[in-house]
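*Asks:* Got a structure here, written out as structure tokens. Questions coming.
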Amino acid sequence: METNLEKIARSLRKEILKMVWQAGSGHIGGSFSSLDLLVACYFGGFLSFESHDPYWPSRDRFVLSNGHVCPALYAVLATAGFFPKEKLKRLRDFQSPLQGHPSRLALAGIENSSGPLGQGLSVAVGMALAAKIDQAKWHVYCLTSDAEHNEGQIWEGVMTAVKYKLDNLTILVDKNGTQIDGRTDEIMPLGDLAAKYLSFGFNTLEIDGHRFDQILDGLASAKRHSRQPTVIIAKTILGKGVSFMEGKPVWHEGPPTKEELSRALKELE
């Protein structure tokens with residue numbers, strides 16, 4: 001039987017499809033592969049927030065590093081009540097707050113402006129370190145992609161998180177194995193990503209990023225762990241949920257045709 005989180009995720013995949021189709025551009029593939037991680041954080045009881053007070057000081061922080069998958073974050077934030085769902089129709093419109101890459105100055109619920117890849121983890125590390133200095137109890141979650149690990153700044157953030165024992169930081173890696181130019185293992189092989197994080201000193205978990213039981217268990221384990229930051233490496237599928245998109249790098253970016261939109265929505269029913 002479909003769980004509540006699965007129902008939410010299926011509904012949001014339909015929203016994302018319609019958003020990108022209407023905009024005529026956008027990133028469906030990564031939005032679909034990372035969506036279940038977002039849904040688990042926001043609706044699975046782990047992320048503490050007040051949608052009516054987006055800057056509530058005690059809120060947990062969610063940092064989106066790979067900003068091009070913002071259609072997923074926008075859909076989640078609207079469903080969580082940060083802004084009216086009507087705004088989703090304005091994805092990528094001129095002067096719309098729902099920009100092609102998110103701006104923290106434009107929309108409630110966005111913690112960081114992102115676009116240049118590899119920088120979000122450093123932002124998240126800074127937030128987590130600030131919480132430690134202030135003796136604040138809030139937690140920082142950072143969503144990043146496997147391809148972002150081609151960027152050297154990711155590893156600077158990893159080293160800093162370990163040095164300061166940031167156990168209030170959880171990194172979520174959307175490991176869908178693809179990037180704009182093709183397969184990640186062909187563009188810039190990452191090798192054993194879990195072994196790399198372990199060698200740096202992270203508490204390291206590997207899960208199926210589309211199984212909510214594993215995602216929720218991973219988030220709970222990260223929250224309990226002390227004296228080390230945690231990384232949850234989630235094996236995912238680009239374009240998850242629509243058969244003709246799944247695992248195909250061509251769906252990294254670009255809208256469906258009207259016929260493809262109809263087929264995809266029918267599958268998600």
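Just remember, in the structure tokens the first chain shown is A, the second B, etc., residues are 1-based per chain, and ligands are 1-based in the order shown.
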Counting only C-alpha atoms, what are the residues of segment 151-233 of chain A within 10 Å of segment 40-46 of chain A, and for each of them which pair of atoms is the nearest and at what distance in Å, to one decimal? Sort the table by chain and rising number, as a tab-separated table.

*Replies:*
residue	atom	partner	partner_atom	distance
A:Arg211	CA	A:Ala40	CA	9.9
A:Phe212	CA	A:Ala40	CA	6.9
A:Asp213	CA	A:Ala40	CA	9.4
A:Ile215	CA	A:Ala40	CA	6.9
A:Leu216	CA	A:Ala40	CA	6.6
A:Leu219	CA	A:Phe46	CA	7.3
A:Ala220	CA	A:Phe46	CA	7.8
A:Lys223	CA	A:Phe46	CA	8.6

*Asks:* Only N, CA and C atoms, please: the residues just picked out, written as a PDB file, in the first residue's frame.

*Replies:*
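Dumped to selection_38.pdb:
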ATOM      1  N   ARG A 211      13.675   4.596  -1.326  1.00  0.00           N
ATOM      2  CA  ARG A 211      12.968   3.816  -0.308  1.00  0.00           C
ATOM      3  C   ARG A 211      12.848   4.663   0.947  1.00  0.00           C
ATOM      4  N   PHE A 212      11.620   5.055   1.253  1.00  0.00           N
ATOM      5  CA  PHE A 212      11.433   5.968   2.370  1.00  0.00           C
ATOM      6  C   PHE A 212      11.832   5.349   3.701  1.00  0.00           C
ATOM      7  N   ASP A 213      11.691   4.042   3.846  1.00  0.00           N
ATOM      8  CA  ASP A 213      12.107   3.433   5.108  1.00  0.00           C
ATOM      9  C   ASP A 213      13.610   3.618   5.318  1.00  0.00           C
ATOM     10  N   ILE A 215      15.538   5.991   3.860  1.00  0.00           N
ATOM     11  CA  ILE A 215      15.836   7.421   4.021  1.00  0.00           C
ATOM     12  C   ILE A 215      15.556   7.862   5.454  1.00  0.00           C
ATOM     13  N   LEU A 216      14.405   7.481   5.987  1.00  0.00           N
ATOM     14  CA  LEU A 216      14.034   7.884   7.344  1.00  0.00           C
ATOM     15  C   LEU A 216      14.972   7.280   8.375  1.00  0.00           C
ATOM     16  N   LEU A 219      18.237   9.308   8.217  1.00  0.00           N
ATOM     17  CA  LEU A 219      18.110  10.616   8.857  1.00  0.00           C
ATOM     18  C   LEU A 219      18.074  10.485  10.379  1.00  0.00           C
ATOM     19  N   ALA A 220      17.396   9.450  10.877  1.00  0.00           N
ATOM     20  CA  ALA A 220      17.334   9.227  12.327  1.00  0.00           C
ATOM     21  C   ALA A 220      18.711   8.882  12.878  1.00  0.00           C
ATOM     22  N   LYS A 223      20.876  11.987  13.081  1.00  0.00           N
ATOM     23  CA  LYS A 223      20.474  12.877  14.191  1.00  0.00           C
ATOM     24  C   LYS A 223      21.021  12.365  15.526  1.00  0.00           C
TER      25      LYS A 223
END

*Asks:* Show which residues sit within 9 Å of Lys248 of chain A, as number ranges by chain. Count only C-alpha atoms, and ignore same-chain residues fewer than 4 positions away.

*Replies:* A: 29, 178, 182, 238-239, 244, 252

*Asks:* When distances are computed from only C-alpha atoms, which of A:Ser226, A:Thr144, A:Gln153, A:Ser113 shows the smallest separation from Asp167 of chain A?

*Replies:*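 Comparing A:Ser226, A:Thr144, A:Gln153, A:Ser113 against Asp167 of chain A, the winner is A:Ser226.
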
*Asks:* Go through A:Ile110, A:Ile233, A:Val69, A:Leu12 and flag the residue nearest Phe83 of chain A, using only C-alpha atoms for the distances.

*Replies:*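 Nearest to Phe83 of chain A: A:Ile110.
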
*Asks:* May I have a table of the residues of segment 121-178 of chain A lying at most 12 Å from segment 197-205 of chain A, giving each one's closest pair of atoms and their distance in Å to one decimal, counting only C-alpha atoms, ordered by chain and ascending residue number, as JSON lines?

*Replies:*
{"residue": "A:His149", "atom": "CA", "partner": "A:Tyr197", "partner_atom": "CA", "distance": 11.1}
{"residue": "A:Ile154", "atom": "CA", "partner": "A:Tyr197", "partner_atom": "CA", "distance": 11.2}
{"residue": "A:Trp155", "atom": "CA", "partner": "A:Phe200", "partner_atom": "CA", "distance": 9.1}
{"residue": "A:Glu156", "atom": "CA", "partner": "A:Phe200", "partner_atom": "CA", "distance": 10.7}
{"residue": "A:Gly157", "atom": "CA", "partner": "A:Phe200", "partner_atom": "CA", "distance": 10.9}
{"residue": "A:Val158", "atom": "CA", "partner": "A:Phe200", "partner_atom": "CA", "distance": 7.4}
{"residue": "A:Met159", "atom": "CA", "partner": "A:Phe200", "partner_atom": "CA", "distance": 6.7}
{"residue": "A:Thr160", "atom": "CA", "partner": "A:Phe200", "partner_atom": "CA", "distance": 10.0}
{"residue": "A:Ala161", "atom": "CA", "partner": "A:Phe202", "partner_atom": "CA", "distance": 8.6}
{"residue": "A:Val162", "atom": "CA", "partner": "A:Gly201", "partner_atom": "CA", "distance": 6.1}
{"residue": "A:Lys163", "atom": "CA", "partner": "A:Gly201", "partner_atom": "CA", "distance": 8.9}
{"residue": "A:Tyr164", "atom": "CA", "partner": "A:Gly201", "partner_atom": "CA", "distance": 11.2}
{"residue": "A:Lys165", "atom": "CA", "partner": "A:Phe202", "partner_atom": "CA", "distance": 9.2}
{"residue": "A:Leu166", "atom": "CA", "partner": "A:Phe202", "partner_atom": "CA", "distance": 9.7}
{"residue": "A:Asp167", "atom": "CA", "partner": "A:Asn203", "partner_atom": "CA", "distance": 9.1}
{"residue": "A:Asn168", "atom": "CA", "partner": "A:Asn203", "partner_atom": "CA", "distance": 11.9}
{"residue": "A:Leu169", "atom": "CA", "partner": "A:Phe202", "partner_atom": "CA", "distance": 10.5}
{"residue": "A:Thr170", "atom": "CA", "partner": "A:Asn203", "partner_atom": "CA", "distance": 9.5}
{"residue": "A:Ile171", "atom": "CA", "partner": "A:Thr204", "partner_atom": "CA", "distance": 9.7}
{"residue": "A:Leu172", "atom": "CA", "partner": "A:Leu205", "partner_atom": "CA", "distance": 9.8}
{"residue": "A:Val173", "atom": "CA", "partner": "A:Leu205", "partner_atom": "CA", "distance": 10.3}

*Asks:* Would you save the residues of that selection, restricted to N, CA and C atoms, as an mmCIF file, in the first residue's frame?

*Replies:*
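part-v9.cif, written as the output of this step:
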data_model
loop_
_atom_site.group_PDB
_atom_site.id
_atom_site.type_symbol
_atom_site.label_atom_id
_atom_site.label_comp_id
_atom_site.auth_asym_id
_atom_site.auth_seq_id
_atom_site.Cartn_x
_atom_site.Cartn_y
_atom_site.Cartn_z
ATOM 1 N N HIS A 149 30.801 16.500 -6.710
ATOM 2 C CA HIS A 149 32.043 16.087 -6.053
ATOM 3 C C HIS A 149 33.241 16.158 -6.993
ATOM 4 N N ILE A 154 34.084 21.107 -2.611
ATOM 5 C CA ILE A 154 33.360 20.098 -1.824
ATOM 6 C C ILE A 154 34.283 19.490 -0.780
ATOM 7 N N TRP A 155 35.486 19.135 -1.202
ATOM 8 C CA TRP A 155 36.398 18.430 -0.299
ATOM 9 C C TRP A 155 36.993 19.372 0.749
ATOM 10 N N GLU A 156 37.094 20.659 0.455
ATOM 11 C CA GLU A 156 37.475 21.623 1.482
ATOM 12 C C GLU A 156 36.400 21.683 2.566
ATOM 13 N N GLY A 157 35.132 21.669 2.138
ATOM 14 C CA GLY A 157 34.037 21.651 3.102
ATOM 15 C C GLY A 157 34.032 20.383 3.936
ATOM 16 N N VAL A 158 34.306 19.255 3.295
ATOM 17 C CA VAL A 158 34.361 17.970 3.998
ATOM 18 C C VAL A 158 35.434 18.009 5.092
ATOM 19 N N MET A 159 36.627 18.500 4.755
ATOM 20 C CA MET A 159 37.709 18.557 5.743
ATOM 21 C C MET A 159 37.357 19.470 6.910
ATOM 22 N N THR A 160 36.735 20.602 6.609
ATOM 23 C CA THR A 160 36.381 21.555 7.663
ATOM 24 C C THR A 160 35.326 20.971 8.598
ATOM 25 N N ALA A 161 34.342 20.273 8.021
ATOM 26 C CA ALA A 161 33.287 19.666 8.834
ATOM 27 C C ALA A 161 33.856 18.648 9.816
ATOM 28 N N VAL A 162 34.835 17.880 9.361
ATOM 29 C CA VAL A 162 35.450 16.874 10.232
ATOM 30 C C VAL A 162 36.291 17.551 11.316
ATOM 31 N N LYS A 163 37.073 18.561 10.917
ATOM 32 C CA LYS A 163 37.938 19.246 11.896
ATOM 33 C C LYS A 163 37.128 19.758 13.076
ATOM 34 N N TYR A 164 35.969 20.335 12.803
ATOM 35 C CA TYR A 164 35.172 20.945 13.869
ATOM 36 C C TYR A 164 34.084 20.024 14.425
ATOM 37 N N LYS A 165 34.174 18.743 14.050
ATOM 38 C CA LYS A 165 33.264 17.729 14.612
ATOM 39 C C LYS A 165 31.798 18.169 14.515
ATOM 40 N N LEU A 166 31.402 18.547 13.315
ATOM 41 C CA LEU A 166 30.064 19.106 13.111
ATOM 42 C C LEU A 166 29.012 18.002 13.017
ATOM 43 N N ASP A 167 28.648 17.462 14.178
ATOM 44 C CA ASP A 167 27.636 16.405 14.217
ATOM 45 C C ASP A 167 26.228 16.970 14.016
ATOM 46 N N ASN A 168 26.129 18.279 13.866
ATOM 47 C CA ASN A 168 24.848 18.924 13.546
ATOM 48 C C ASN A 168 24.714 19.165 12.040
ATOM 49 N N LEU A 169 25.537 18.489 11.253
ATOM 50 C CA LEU A 169 25.508 18.591 9.796
ATOM 51 C C LEU A 169 25.249 17.217 9.184
ATOM 52 N N THR A 170 24.259 17.147 8.299
ATOM 53 C CA THR A 170 23.994 15.932 7.529
ATOM 54 C C THR A 170 24.034 16.283 6.051
ATOM 55 N N ILE A 171 24.920 15.605 5.322
ATOM 56 C CA ILE A 171 25.002 15.775 3.873
ATOM 57 C C ILE A 171 24.190 14.665 3.218
ATOM 58 N N LEU A 172 23.365 15.033 2.251
ATOM 59 C CA LEU A 172 22.598 14.074 1.464
ATOM 60 C C LEU A 172 23.146 14.109 0.037
ATOM 61 N N VAL A 173 23.716 13.007 -0.416
ATOM 62 C CA VAL A 173 24.269 12.950 -1.769
ATOM 63 C C VAL A 173 23.285 12.235 -2.691
#

*Asks:* Please report the interatomic distance between atom CA of Pro229 of chain A and atom CA of Asp36 of chain A in Å with one decimal.

*Replies:* 21.6 Å

*Asks:* Which one of A:Arg59, A:Arg92, A:His101, A:Lys87 sits closest to Ala136 of chain A if you count only C-alpha atoms?

*Replies:*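 When distances to Ala136 of chain A are compared using only C-alpha atoms, the smallest one comes from A:Arg59.
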
*Asks:* Among segment 149-230 of chain A, which residues does DSSP mark as alpha helix (DSSP H) when it is run on the backbone? Keep the chain and numbering as in the structure and answer as a count of residues only.

*Replies:* 37

*Asks:* Mind running segment 99-190 of chain A against segment 48-57 of chain A at 12 Å and telling me each contacting residue's nearest atom pair with the distance in Å (one decimal), counting only C-alpha atoms, chain and number ascending, as a Markdown table?

*Replies:*
| residue | atom | partner | partner_atom | distance |
| --- | --- | --- | --- | --- |
| A:Arg104 | CA | A:Pro54 | CA | 11.2 |
| A:Leu107 | CA | A:Pro54 | CA | 9.8 |
| A:Ala108 | CA | A:Pro54 | CA | 6.1 |
| A:Gly109 | CA | A:Pro54 | CA | 5.6 |
| A:Ile110 | CA | A:Pro54 | CA | 8.7 |
| A:Glu111 | CA | A:Tyr55 | CA | 9.2 |
| A:Ala131 | CA | A:Pro57 | CA | 10.7 |
| A:Asp134 | CA | A:Pro57 | CA | 11.7 |
| A:Ala136 | CA | A:Pro57 | CA | 9.3 |
| A:Lys137 | CA | A:Pro57 | CA | 10.3 |
| A:Trp138 | CA | A:Ser48 | CA | 8.1 |
| A:His139 | CA | A:Ser48 | CA | 8.6 |
| A:Val140 | CA | A:Ser48 | CA | 10.3 |
| A:Tyr141 | CA | A:Ser48 | CA | 11.1 |

*Asks:* Output C-alpha atoms for every residue in that selection, as a short mmCIF file (atom, residue, chain, number, x, y, z; two decimals), in the first residue's frame.

*Replies:*
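Saved the output as part-v4.cif:
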data_model
loop_
_atom_site.label_atom_id
_atom_site.label_comp_id
_atom_site.auth_asym_id
_atom_site.auth_seq_id
_atom_site.Cartn_x
_atom_site.Cartn_y
_atom_site.Cartn_z
CA ARG A 104 17.41 33.51 -0.81
CA LEU A 107 11.50 33.50 -1.90
CA ALA A 108 10.53 32.43 1.63
CA GLY A 109 12.11 29.16 2.74
CA ILE A 110 15.28 29.44 0.64
CA GLU A 111 18.33 29.42 2.92
CA ALA A 131 25.26 26.90 15.49
CA ASP A 134 26.16 29.94 19.50
CA ALA A 136 22.15 26.50 19.18
CA LYS A 137 20.33 23.20 18.76
CA TRP A 138 19.27 23.46 15.10
CA HIS A 139 20.54 21.00 12.50
CA VAL A 140 21.82 21.67 8.98
CA TYR A 141 20.94 19.45 6.01
#

*Asks:* Which of segment 67-229 of chain A counts as strand (DSSP E) under DSSP, as a PDB file with C-alpha atoms, in the first residue's frame please?

*Replies:*
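That gives us states.pdb:
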ATOM      1  CA  VAL A 140      21.822  21.673   8.981  1.00  0.00           C
ATOM      2  CA  TYR A 141      20.937  19.451   6.006  1.00  0.00           C
ATOM      3  CA  CYS A 142      22.767  19.884   2.716  1.00  0.00           C
ATOM      4  CA  LEU A 143      21.622  18.287  -0.522  1.00  0.00           C
ATOM      5  CA  THR A 144      24.385  17.816  -3.064  1.00  0.00           C
ATOM      6  CA  SER A 145      24.886  15.669  -6.159  1.00  0.00           C
ATOM      7  CA  LEU A 169      25.508  18.591   9.796  1.00  0.00           C
ATOM      8  CA  THR A 170      23.994  15.932   7.529  1.00  0.00           C
ATOM      9  CA  ILE A 171      25.002  15.775   3.873  1.00  0.00           C
ATOM     10  CA  LEU A 172      22.598  14.074   1.464  1.00  0.00           C
ATOM     11  CA  VAL A 173      24.269  12.950  -1.769  1.00  0.00           C
ATOM     12  CA  ASP A 174      21.923  12.394  -4.705  1.00  0.00           C
ATOM     13  CA  LYS A 175      23.991   9.686  -6.406  1.00  0.00           C
ATOM     14  CA  THR A 178      24.628  11.284 -14.406  1.00  0.00           C
ATOM     15  CA  GLN A 179      25.506  14.875 -15.208  1.00  0.00           C
ATOM     16  CA  GLY A 182      26.711  12.062 -19.674  1.00  0.00           C
ATOM     17  CA  ARG A 183      27.541   9.346 -17.152  1.00  0.00           C
ATOM     18  CA  ASN A 203      29.951   8.891   9.685  1.00  0.00           C
ATOM     19  CA  THR A 204      28.983   7.330   6.361  1.00  0.00           C
ATOM     20  CA  LEU A 205      25.694   5.696   5.376  1.00  0.00           C
ATOM     21  CA  GLU A 206      24.636   4.224   2.014  1.00  0.00           C
ATOM     22  CA  ILE A 207      20.955   3.835   1.171  1.00  0.00           C
ATOM     23  CA  ASP A 208      18.439   3.425  -1.628  1.00  0.00           C
TER      24      ASP A 208
END

*Asks:* With distances taken over only C-alpha atoms, which residue among A:Arg90, A:His225, A:Lys240, A:Arg263 lies nearest Gln22 of chain A?

*Replies:*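 Of A:Arg90, A:His225, A:Lys240, A:Arg263, the one nearest Gln22 of chain A is A:Arg90, counting only C-alpha atoms.
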
*Asks:* Set the distance at 9 Å and use only C-alpha atoms: which residues neighbour Gly67 of chain A once local chain neighbours fewer than 6 positions away are removed? I'd like the list as a ChimeraX atom specification.

*Replies:* /A:100-102,113-117,120,144

*Asks:* Take the residues from that selection and put them in a file with N, CA and C atoms, as a compact mmCIF listing (two decimals), in the first residue's frame.

*Replies:*
# COMPACT_ATOMS: atom_id res chain seq x y z
N GLY A 100 15.41 30.30 -12.04
CA GLY A 100 15.97 29.04 -12.54
C GLY A 100 16.98 28.43 -11.60
N HIS A 101 17.62 29.26 -10.80
CA HIS A 101 18.43 28.83 -9.67
C HIS A 101 17.97 29.67 -8.48
N PRO A 102 17.84 29.08 -7.30
CA PRO A 102 17.14 29.77 -6.21
C PRO A 102 17.93 30.93 -5.62
N SER A 113 21.40 31.15 -1.76
CA SER A 113 21.37 31.31 -3.21
C SER A 113 22.36 30.31 -3.80
N SER A 114 21.96 29.62 -4.86
CA SER A 114 22.86 28.61 -5.42
C SER A 114 22.74 28.58 -6.93
N GLY A 115 23.74 28.06 -7.54
CA GLY A 115 23.86 28.00 -8.99
C GLY A 115 25.22 27.45 -9.34
N PRO A 116 26.31 28.19 -8.99
CA PRO A 116 27.65 27.63 -9.17
C PRO A 116 27.80 26.37 -8.33
N LEU A 117 28.13 25.27 -8.97
CA LEU A 117 28.15 23.98 -8.28
C LEU A 117 29.33 23.88 -7.30
N GLY A 120 27.57 24.94 -2.09
CA GLY A 120 26.57 24.82 -1.04
C GLY A 120 27.07 24.15 0.22
N THR A 144 23.39 17.64 -2.02
CA THR A 144 24.39 17.82 -3.06
C THR A 144 24.29 16.64 -4.02

*Asks:* As an exercise, work out the distance from atom CA of Val242 of chain A to atom CA of Ala264 of chain A in Å and give it to one decimal place.

*Replies:* 5.7 Å

*Asks:* Using only C-alpha atoms, find the one residue out of A:Lys266, A:Thr184, A:Leu37, A:Met19 that sits nearest to Asp217 of chain A.

*Replies:*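 Ranked by minimum distance to Asp217 of chain A, first place goes to A:Leu37.
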